[in-house]
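**Q** Below is one structure. I have some questions about it.
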Amino acid sequence: MPKVAIVMGSKSDWPTMQQAAIMLKNLGVDFDAKVVSAHRTPDLLTEFAKTAAENDYHVIIGGAGGAAHLPGMIAAHTHIPVFGVPVRSSQLSGVDSLYSIVQMPKGVAVGTLAIGEAGAANAGLLAAQVIALHDKKVADAVIAFRKKQTDTVLALDELELP
Ligand code: RP5
């Protein structure tokens with residue numbers, strides 16, 4: 001059973017949110033990915049969030065753009081950790097999404113990542129790090145990923161002027 005759910009407000013969020021999916025896949029973490037809109041399918045969102053714990057999800061990644069209430073609304077219905085990804089919007093470049101997600105009032109927490117693909121990838125990484133607390137294979141994969149990244153930087157040749 002996948003322990004991570006990736007939920008997004010629209011299929012148009014998938015090009016961004018698939019970065020979370022790619023990260024999880026590379027780290028050996030099973031996930032479900034689905035479109036559930038806070039305002040277009042509010043009943044489905046409530047049902048998903050209320051049953052997330054009994055469906056054995058351990059982490060939920062929620063991505064949305066614009067008035068991005070999806071991660072906060074999911075968090076309102078569950079005690080499972082929710083990571084929010086502000087998807088870049090066409091009008092305000094995702095600053096609207098960021099502010100909507102990051103400014104949760106005290107008492108209901110959403111861990112907010114960066115706008116766009118980097119945020120989605122890091123949401124996947126962070127979710128894997130949570131799963132890694134109780135899964136040595138995933139922990140080893142996270143450690144190997146980080147080491148490879150470090151080694152790549154350290155192996156860079158000296159920068160030369162053109
Ligand atoms: C939000 O509205 C979605 O998360 C998406 O980022 C944005 C636009 O959705 P579409 O009009 O492309 O379906 O709910």
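Ordering of the structure tokens sets the chain letters (A, B, ...), residue numbers begin anew at 1 in every chain, and ligands are numbered from 1 in the order given.
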What residues in segment 70-148 of chain A get the DSSP label helix (DSSP H, G or I)? Please answer as an MDAnalysis selection string.
**A** chainID A and resid 70:76 95:102 117:132 136:148
**Q** Just C-alpha atoms for this one: save the residues we selected as a compact mmCIF listing (two decimals), in the first residue's frame.
**A**
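Now in again-v1.txt:
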```txt
# COMPACT_ATOMS: atom_id res chain seq x y z
CA LEU A 70 -6.20 22.52 -1.14
CA PRO A 71 -3.33 21.68 1.27
CA GLY A 72 -4.91 23.65 4.12
CA MET A 73 -8.31 22.05 3.60
CA ILE A 74 -6.75 18.58 3.59
CA ALA A 75 -4.78 19.40 6.74
CA ALA A 76 -8.00 20.58 8.39
CA VAL A 95 3.11 34.15 -5.38
CA ASP A 96 -0.66 33.89 -4.85
CA SER A 97 -0.32 30.11 -4.45
CA LEU A 98 2.59 30.54 -2.04
CA TYR A 99 0.81 33.04 0.17
CA SER A 100 -2.37 30.94 0.17
CA ILE A 101 -0.49 27.86 1.34
CA VAL A 102 2.17 29.28 3.63
CA GLU A 117 9.13 22.25 -9.74
CA ALA A 118 11.83 22.66 -7.09
CA GLY A 119 9.14 22.74 -4.42
CA ALA A 120 7.45 19.66 -5.85
CA ALA A 121 10.73 17.73 -6.01
CA ASN A 122 11.59 18.75 -2.46
CA ALA A 123 8.12 17.76 -1.26
CA GLY A 124 8.86 14.30 -2.63
CA LEU A 125 12.26 14.31 -0.94
CA LEU A 126 10.80 15.45 2.38
CA ALA A 127 8.05 12.84 2.20
CA ALA A 128 10.69 10.17 1.55
CA GLN A 129 12.66 11.42 4.56
CA VAL A 130 9.57 10.95 6.73
CA ILE A 131 9.04 7.43 5.38
CA ALA A 132 12.77 6.78 5.92
CA LYS A 136 15.92 1.53 6.15
CA LYS A 137 15.83 0.94 2.39
CA VAL A 138 14.35 4.38 1.82
CA ALA A 139 16.80 5.90 4.32
CA ASP A 140 19.71 4.37 2.40
CA ALA A 141 18.27 5.71 -0.87
CA VAL A 142 17.94 9.23 0.56
CA ILE A 143 21.52 9.12 1.91
CA ALA A 144 22.83 7.85 -1.45
CA PHE A 145 20.91 10.56 -3.33
CA ARG A 146 22.39 13.28 -1.13
CA LYS A 147 25.91 11.84 -1.39
CA LYS A 148 25.74 11.66 -5.18
```
**Q** So that I can check the surroundings of Val85 of chain A, please list as a VMD selection string every protein, DNA and RNA residue that reaches within 7 Å of it, counting only C-alpha atoms and ignoring chain neighbours fewer than 5 positions away.
**A** chain A and resid 62 to 64 112 to 115 119 to 120
**Q** Mind dumping the selected residues with N, CA and C atoms as a PDB file, in the first residue's frame?
**A**
```pdb
ATOM      1  N   GLY A  62       0.253  18.070  -1.177  1.00  0.00           N
ATOM      2  CA  GLY A  62      -0.842  18.760  -1.857  1.00  0.00           C
ATOM      3  C   GLY A  62      -0.319  19.908  -2.699  1.00  0.00           C
ATOM      4  N   GLY A  63      -0.619  19.889  -3.980  1.00  0.00           N
ATOM      5  CA  GLY A  63      -0.166  20.965  -4.865  1.00  0.00           C
ATOM      6  C   GLY A  63      -1.351  21.679  -5.482  1.00  0.00           C
ATOM      7  N   ALA A  64      -1.285  23.004  -5.510  1.00  0.00           N
ATOM      8  CA  ALA A  64      -2.367  23.769  -6.129  1.00  0.00           C
ATOM      9  C   ALA A  64      -1.855  25.165  -6.486  1.00  0.00           C
ATOM     10  N   THR A 112       5.217  24.175   3.960  1.00  0.00           N
ATOM     11  CA  THR A 112       5.164  24.756   2.618  1.00  0.00           C
ATOM     12  C   THR A 112       6.532  24.731   1.939  1.00  0.00           C
ATOM     13  N   LEU A 113       6.515  24.275   0.700  1.00  0.00           N
ATOM     14  CA  LEU A 113       7.741  24.194  -0.092  1.00  0.00           C
ATOM     15  C   LEU A 113       7.826  25.388  -1.040  1.00  0.00           C
ATOM     16  N   ALA A 114       8.873  25.414  -1.844  1.00  0.00           N
ATOM     17  CA  ALA A 114       9.078  26.504  -2.805  1.00  0.00           C
ATOM     18  C   ALA A 114       8.059  26.439  -3.948  1.00  0.00           C
ATOM     19  N   ILE A 115       7.899  27.552  -4.638  1.00  0.00           N
ATOM     20  CA  ILE A 115       7.012  27.609  -5.803  1.00  0.00           C
ATOM     21  C   ILE A 115       7.574  26.725  -6.931  1.00  0.00           C
ATOM     22  N   GLY A 119       9.965  23.025  -5.596  1.00  0.00           N
ATOM     23  CA  GLY A 119       9.144  22.736  -4.424  1.00  0.00           C
ATOM     24  C   GLY A 119       8.517  21.355  -4.497  1.00  0.00           C
ATOM     25  N   ALA A 120       8.061  20.993  -5.685  1.00  0.00           N
ATOM     26  CA  ALA A 120       7.452  19.662  -5.848  1.00  0.00           C
ATOM     27  C   ALA A 120       8.486  18.561  -5.616  1.00  0.00           C
TER      28      ALA A 120
END
```
**Q** How would you write, as a list in words, the set of residues in segment 11-157 of chain A that DSSP gives as strand (DSSP E)?
**A**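 The strand (DSSP E) subset of segment 11-157 of chain A is Phe31, Asp32, Ala33, Lys34, Val35, Val59, Ile60, Ile61, Gly62, Gly63, Ala64, Gly65, Val82, Phe83, Gly84, Val85, Pro86, Val87, Gly111 and Thr112 of chain A.
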**Q** Write out the residues from the selection above, keeping N, CA and C atoms, as a compact mmCIF listing (two decimals), in the first residue's frame.
**A**
```
# COMPACT_ATOMS: atom_id res chain seq x y z
N PHE A 31 3.64 5.54 -4.22
CA PHE A 31 2.74 6.69 -4.00
C PHE A 31 1.49 6.52 -4.86
N ASP A 32 0.44 7.23 -4.45
CA ASP A 32 -0.73 7.43 -5.30
C ASP A 32 -0.73 8.88 -5.73
N ALA A 33 -1.13 9.14 -6.96
CA ALA A 33 -1.26 10.53 -7.44
C ALA A 33 -2.67 10.72 -7.97
N LYS A 34 -3.34 11.77 -7.50
CA LYS A 34 -4.72 11.98 -7.95
C LYS A 34 -5.07 13.46 -8.00
N VAL A 35 -6.07 13.77 -8.82
CA VAL A 35 -6.61 15.13 -8.89
C VAL A 35 -7.84 15.19 -8.00
N VAL A 59 2.04 10.40 4.72
CA VAL A 59 2.34 11.77 4.30
C VAL A 59 1.44 12.11 3.11
N ILE A 60 0.97 13.35 3.09
CA ILE A 60 0.21 13.83 1.93
C ILE A 60 0.93 15.03 1.36
N ILE A 61 1.12 15.02 0.04
CA ILE A 61 1.67 16.17 -0.67
C ILE A 61 0.51 16.81 -1.43
N GLY A 62 0.25 18.07 -1.18
CA GLY A 62 -0.84 18.76 -1.86
C GLY A 62 -0.32 19.91 -2.70
N GLY A 63 -0.62 19.89 -3.98
CA GLY A 63 -0.17 20.96 -4.86
C GLY A 63 -1.35 21.68 -5.48
N ALA A 64 -1.29 23.00 -5.51
CA ALA A 64 -2.37 23.77 -6.13
C ALA A 64 -1.86 25.16 -6.49
N GLY A 65 -2.61 25.81 -7.39
CA GLY A 65 -2.22 27.14 -7.83
C GLY A 65 -3.34 28.15 -7.64
N VAL A 82 0.98 17.21 6.16
CA VAL A 82 0.67 17.68 4.81
C VAL A 82 1.76 18.65 4.36
N PHE A 83 2.33 18.38 3.20
CA PHE A 83 3.30 19.29 2.60
C PHE A 83 2.63 19.97 1.41
N GLY A 84 2.71 21.28 1.36
CA GLY A 84 2.05 22.05 0.32
C GLY A 84 3.02 22.55 -0.73
N VAL A 85 2.63 22.39 -1.99
CA VAL A 85 3.45 22.89 -3.09
C VAL A 85 2.69 23.99 -3.83
N PRO A 86 3.19 25.21 -3.80
CA PRO A 86 2.55 26.29 -4.55
C PRO A 86 2.88 26.14 -6.04
N VAL A 87 1.85 25.86 -6.83
CA VAL A 87 2.05 25.72 -8.28
C VAL A 87 2.07 27.11 -8.91
N GLY A 111 3.30 22.18 5.90
CA GLY A 111 4.70 22.47 5.61
C GLY A 111 4.81 22.93 4.17
N THR A 112 5.22 24.18 3.96
CA THR A 112 5.16 24.76 2.62
C THR A 112 6.53 24.73 1.94
```
**Q** May I ask for the distance between atom CA of Pro42 of chain A and atom CA of Val29 of chain A, given in Å to one decimal place?
**A**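 That distance, rounded to one decimal, is 28.0 Å.
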**Q** As a quick test: using only C-alpha atoms and all ligand atoms, which residues lie no more than 8 Å away from ligand 1? Give them as number ranges by chain.
**A** A: 8-13, 37-40, 63-68, 70, 87-89
**Q** Please write the residues from the selection above to a file, keeping N, CA and C atoms, as an mmCIF file, in the first residue's frame.
**A**
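Written file, part-v8.cif:
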```cif
data_model
loop_
_atom_site.group_PDB
_atom_site.id
_atom_site.type_symbol
_atom_site.label_atom_id
_atom_site.label_comp_id
_atom_site.auth_asym_id
_atom_site.auth_seq_id
_atom_site.Cartn_x
_atom_site.Cartn_y
_atom_site.Cartn_z
ATOM 1 N N MET A 8 -3.483 16.918 -6.258
ATOM 2 C CA MET A 8 -3.371 18.241 -6.902
ATOM 3 C C MET A 8 -4.743 18.722 -7.338
ATOM 4 N N GLY A 9 -4.854 20.050 -7.448
ATOM 5 C CA GLY A 9 -6.149 20.652 -7.711
ATOM 6 C C GLY A 9 -6.650 20.493 -9.127
ATOM 7 N N SER A 10 -5.733 20.251 -10.064
ATOM 8 C CA SER A 10 -6.121 20.170 -11.478
ATOM 9 C C SER A 10 -5.098 19.325 -12.214
ATOM 10 N N LYS A 11 -5.536 18.744 -13.323
ATOM 11 C CA LYS A 11 -4.583 18.007 -14.157
ATOM 12 C C LYS A 11 -3.484 18.945 -14.668
ATOM 13 N N SER A 12 -3.810 20.240 -14.758
ATOM 14 C CA SER A 12 -2.811 21.205 -15.233
ATOM 15 C C SER A 12 -1.657 21.372 -14.235
ATOM 16 N N ASP A 13 -1.822 20.864 -13.017
ATOM 17 C CA ASP A 13 -0.744 20.912 -12.017
ATOM 18 C C ASP A 13 0.254 19.767 -12.186
ATOM 19 N N SER A 37 -9.988 18.468 -6.347
ATOM 20 C CA SER A 37 -10.038 19.926 -6.245
ATOM 21 C C SER A 37 -10.819 20.372 -5.006
ATOM 22 N N ALA A 38 -10.249 21.338 -4.296
ATOM 23 C CA ALA A 38 -10.911 21.846 -3.082
ATOM 24 C C ALA A 38 -12.222 22.555 -3.415
ATOM 25 N N HIS A 39 -12.291 23.218 -4.577
ATOM 26 C CA HIS A 39 -13.509 23.980 -4.887
ATOM 27 C C HIS A 39 -14.371 23.320 -5.973
ATOM 28 N N ARG A 40 -13.757 22.472 -6.828
ATOM 29 C CA ARG A 40 -14.573 21.821 -7.860
ATOM 30 C C ARG A 40 -15.133 20.484 -7.381
ATOM 31 N N GLY A 63 -0.619 19.889 -3.980
ATOM 32 C CA GLY A 63 -0.166 20.965 -4.865
ATOM 33 C C GLY A 63 -1.351 21.679 -5.482
ATOM 34 N N ALA A 64 -1.285 23.004 -5.510
ATOM 35 C CA ALA A 64 -2.367 23.769 -6.129
ATOM 36 C C ALA A 64 -1.855 25.165 -6.486
ATOM 37 N N GLY A 65 -2.614 25.806 -7.389
ATOM 38 C CA GLY A 65 -2.217 27.142 -7.826
ATOM 39 C C GLY A 65 -3.336 28.147 -7.644
ATOM 40 N N GLY A 66 -2.980 29.413 -7.627
ATOM 41 C CA GLY A 66 -3.964 30.486 -7.442
ATOM 42 C C GLY A 66 -4.389 30.586 -5.981
ATOM 43 N N ALA A 67 -5.698 30.635 -5.769
ATOM 44 C CA ALA A 67 -6.218 30.605 -4.390
ATOM 45 C C ALA A 67 -6.118 29.164 -3.908
ATOM 46 N N ALA A 68 -4.931 28.823 -3.450
ATOM 47 C CA ALA A 68 -4.566 27.404 -3.304
ATOM 48 C C ALA A 68 -4.908 26.881 -1.912
ATOM 49 N N LEU A 70 -6.184 23.988 -1.212
ATOM 50 C CA LEU A 70 -6.197 22.518 -1.139
ATOM 51 C C LEU A 70 -5.373 21.936 0.020
ATOM 52 N N VAL A 87 1.854 25.865 -6.827
ATOM 53 C CA VAL A 87 2.053 25.720 -8.275
ATOM 54 C C VAL A 87 2.065 27.114 -8.906
ATOM 55 N N ARG A 88 2.989 27.307 -9.852
ATOM 56 C CA ARG A 88 3.107 28.610 -10.523
ATOM 57 C C ARG A 88 1.803 28.920 -11.266
ATOM 58 N N SER A 89 1.243 30.076 -11.025
ATOM 59 C CA SER A 89 -0.017 30.462 -11.674
ATOM 60 C C SER A 89 0.270 31.400 -12.843
#
```
**Q** For segment 52-58 of chain A, please output as a list in words all residues within 6 Å (counting only C-alpha atoms; exclusion window: fewer than 3 positions along the same chain).
**A** Lys3, Val4, Phe48 and Ala49 of chain A
**Q** How far is it from atom CA of Val7 of chain A to atom CA of Leu45 of chain A, in Å with one decimal?
**A**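 Calculated distance between atom CA of Val7 of chain A and atom CA of Leu45 of chain A is 9.4 Å.
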**Q** What gap, in Å, lies between atom CA of Ala21 of chain A and atom CA of Ile6 of chain A?
**A** 7.6 Å
